[in-house]
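Here's the structure we're looking at; comments come further down.
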Amino acid sequence: MGPWSRVRVAKCQMLVTCFFILLLGLSVATMVTLTYFGAHFAVIRRASLEKNPYQAVHQWAFSAGLSLVGLLTLGAVLSAVATVKEAQGLMAGGFLCFSLAFCTQVQVVFWRLHSPTQVEDAMLDTYDLVYEQAMKGTSHVLRQELAAIQDVFLCCGKRSPFSRLGSTEADLCQGEEAAREDCLQGIRSFLRTHQQVASSLTSIGLALTVSALLLSSFLWFAIRCGCSLDRKGKYTLTPRSPGQKSRWAQRVP
C-alpha cells in the first residue's frame with residue numbers, strides 16, 4: 001500500500017472515529033444529565049442536612065462528566081474539519097482535546113480502582129443520617145424527605161442488625177410499604193447498575209480516544225510533510241505541437 005493510500009485510509013478511519021466519539025459524547029451527556037437531574041440522585045443530594053456527605057462527590061462527578069463531554073465533542077469536531085480541509089492547526093487542536101479527554105478518563109479509572117465504593121458509601125451515609133434523625137423525630141422536614149427517598153427507590157426502612165431503632169420499623173413500613181425491600185439494598189442495587197453503565201462508557205471512551213490520538217498524530221505529520229490527497233495547484237494548457245491530437249495539461253506548482 002502506497003503512502004497516498006495509507007493517508008486516504010487514515011482519513012476515512014478518522015472520520016468514522018469522530019462520528020463514534022460524537023455518539024459517545026452524546027451518551028455521556030445523557031448520563032451526566034440523568035445523574036444531576038435524575039430523581040434517584042436529586043432526592044439524596046437535596047437532603048437538608050447540616051453536612052451532606054453525598055454533595056461533594058456528586059459535584060465532582062458532574063464536573064468531570066461535563067468536562068469530558070466538552071473535550072470529546074470539541075476534539076471530534078476539530079479533527080473532522082481538519083481531516084476534510086487538511087488543516088494542520090485544527091488537527092493539533094483536536095489532538096490536544098483528545099489528550100485531555102484521555103487524561104480525564106484515566107483519572108476516573110484510577111479513582112474507581114482506588115475508591116470503588118466512595119459514591120455508594122456517600123449515598124448510604126446520607127440516607128442513614130436522614131433515617132436516624134427522622135426516626136428520632138427531630139425534624140418534620142427530614143421525615144418528609146425520608147418518605148420521598150423511599151418512594152423514589154421503592155424501598156422502606158433499613159433492616160440492619162446494628163440499628164438501634166428497630167422497634168420503630170413497624171410504624172414506618174405499613175401496608176404495601178412493608179413488602180418493599182430494604183433501602184440500603186435498594187440503593188446498592190441502583191448504584192450497581194449505574195456504575196456498570198459508567199464503566200462501559202469509560203472503556204469505550206478510552207479505546208476511541210487512543211485510536212483518535214494515533215490517527216490525528218499520523219494525519220498531522222502527513223499534512224506537515226505535504227502528503228495531501230488533493231492535487232493542489234494551477235493547471236495551464238500547453239500549445240498543441242505538430243502531430244499531437246490532444247492537449248496536455250502541465251501542472252504549475
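Chain labels run A, B, ... following the order of the C-alpha cells; each chain numbers its residues from 1, and ligands are numbered from 1 in the order shown.
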Who sits within 7 Å of segment 140-146 of chain A, only C-alpha atoms, same chain under 6 positions skipped, as a ChimeraX atom specification | /A:47,130-131,134
Have a look at atom CA of Val28 of chain A and atom CA of Phe102 of chain A and let me know their distance in Å, one decimal.
-> 14.3 Å
Those in segment 17-245 of chain A with helix (DSSP H, G or I) from DSSP, as a PyMOL selection string | chain A and resi 17-37+39-45+53-85+88-114+118-135+140-153+166-172+175-179+183-224
Which residues in segment 2-247 of chain A does DSSP call strand (DSSP E or B)? List them as a ChimeraX atom specification.
-> /A:155,181,234-237
Which residues, written as a list of chain:residue names, have at least one atom at most 10 Å from segment 191-193 of chain A, with only C-alpha atoms counted and residues fewer than 2 positions away on the same chain left out?
-> A:His40, A:Phe41, A:Thr117, A:Val119, A:Glu120, A:Met123, A:Gln185, A:Gly186, A:Ile187, A:Arg188, A:Ser189, A:Gln195, A:Gln196, A:Val197, A:Ala198
Dump of C-alpha atoms for the selected residues, as a PDB file, in the first residue's frame:
ATOM      1  CA  HIS A  40     -32.702   8.989  42.464  1.00  0.00           C
ATOM      2  CA  PHE A  41     -29.678  11.254  42.783  1.00  0.00           C
ATOM      3  CA  THR A 117     -17.308   2.340  46.964  1.00  0.00           C
ATOM      4  CA  VAL A 119     -20.198   7.043  45.816  1.00  0.00           C
ATOM      5  CA  GLU A 120     -22.098   4.164  47.399  1.00  0.00           C
ATOM      6  CA  MET A 123     -25.255   7.889  49.423  1.00  0.00           C
ATOM      7  CA  GLN A 185     -30.092  -2.875  49.449  1.00  0.00           C
ATOM      8  CA  GLY A 186     -32.228  -0.832  47.064  1.00  0.00           C
ATOM      9  CA  ILE A 187     -29.673   1.973  46.875  1.00  0.00           C
ATOM     10  CA  ARG A 188     -26.851  -0.525  46.327  1.00  0.00           C
ATOM     11  CA  SER A 189     -28.730  -2.259  43.509  1.00  0.00           C
ATOM     12  CA  GLN A 195     -21.779   2.141  37.725  1.00  0.00           C
ATOM     13  CA  GLN A 196     -21.798  -0.720  35.219  1.00  0.00           C
ATOM     14  CA  VAL A 197     -23.049   1.665  32.539  1.00  0.00           C
ATOM     15  CA  ALA A 198     -20.422   4.250  33.540  1.00  0.00           C
TER      16      ALA A 198
END
What does the distance from atom CA of Thr73 of chain A to atom CA of Leu22 of chain A come to in Å, to one decimal?
-> 5.8 Å
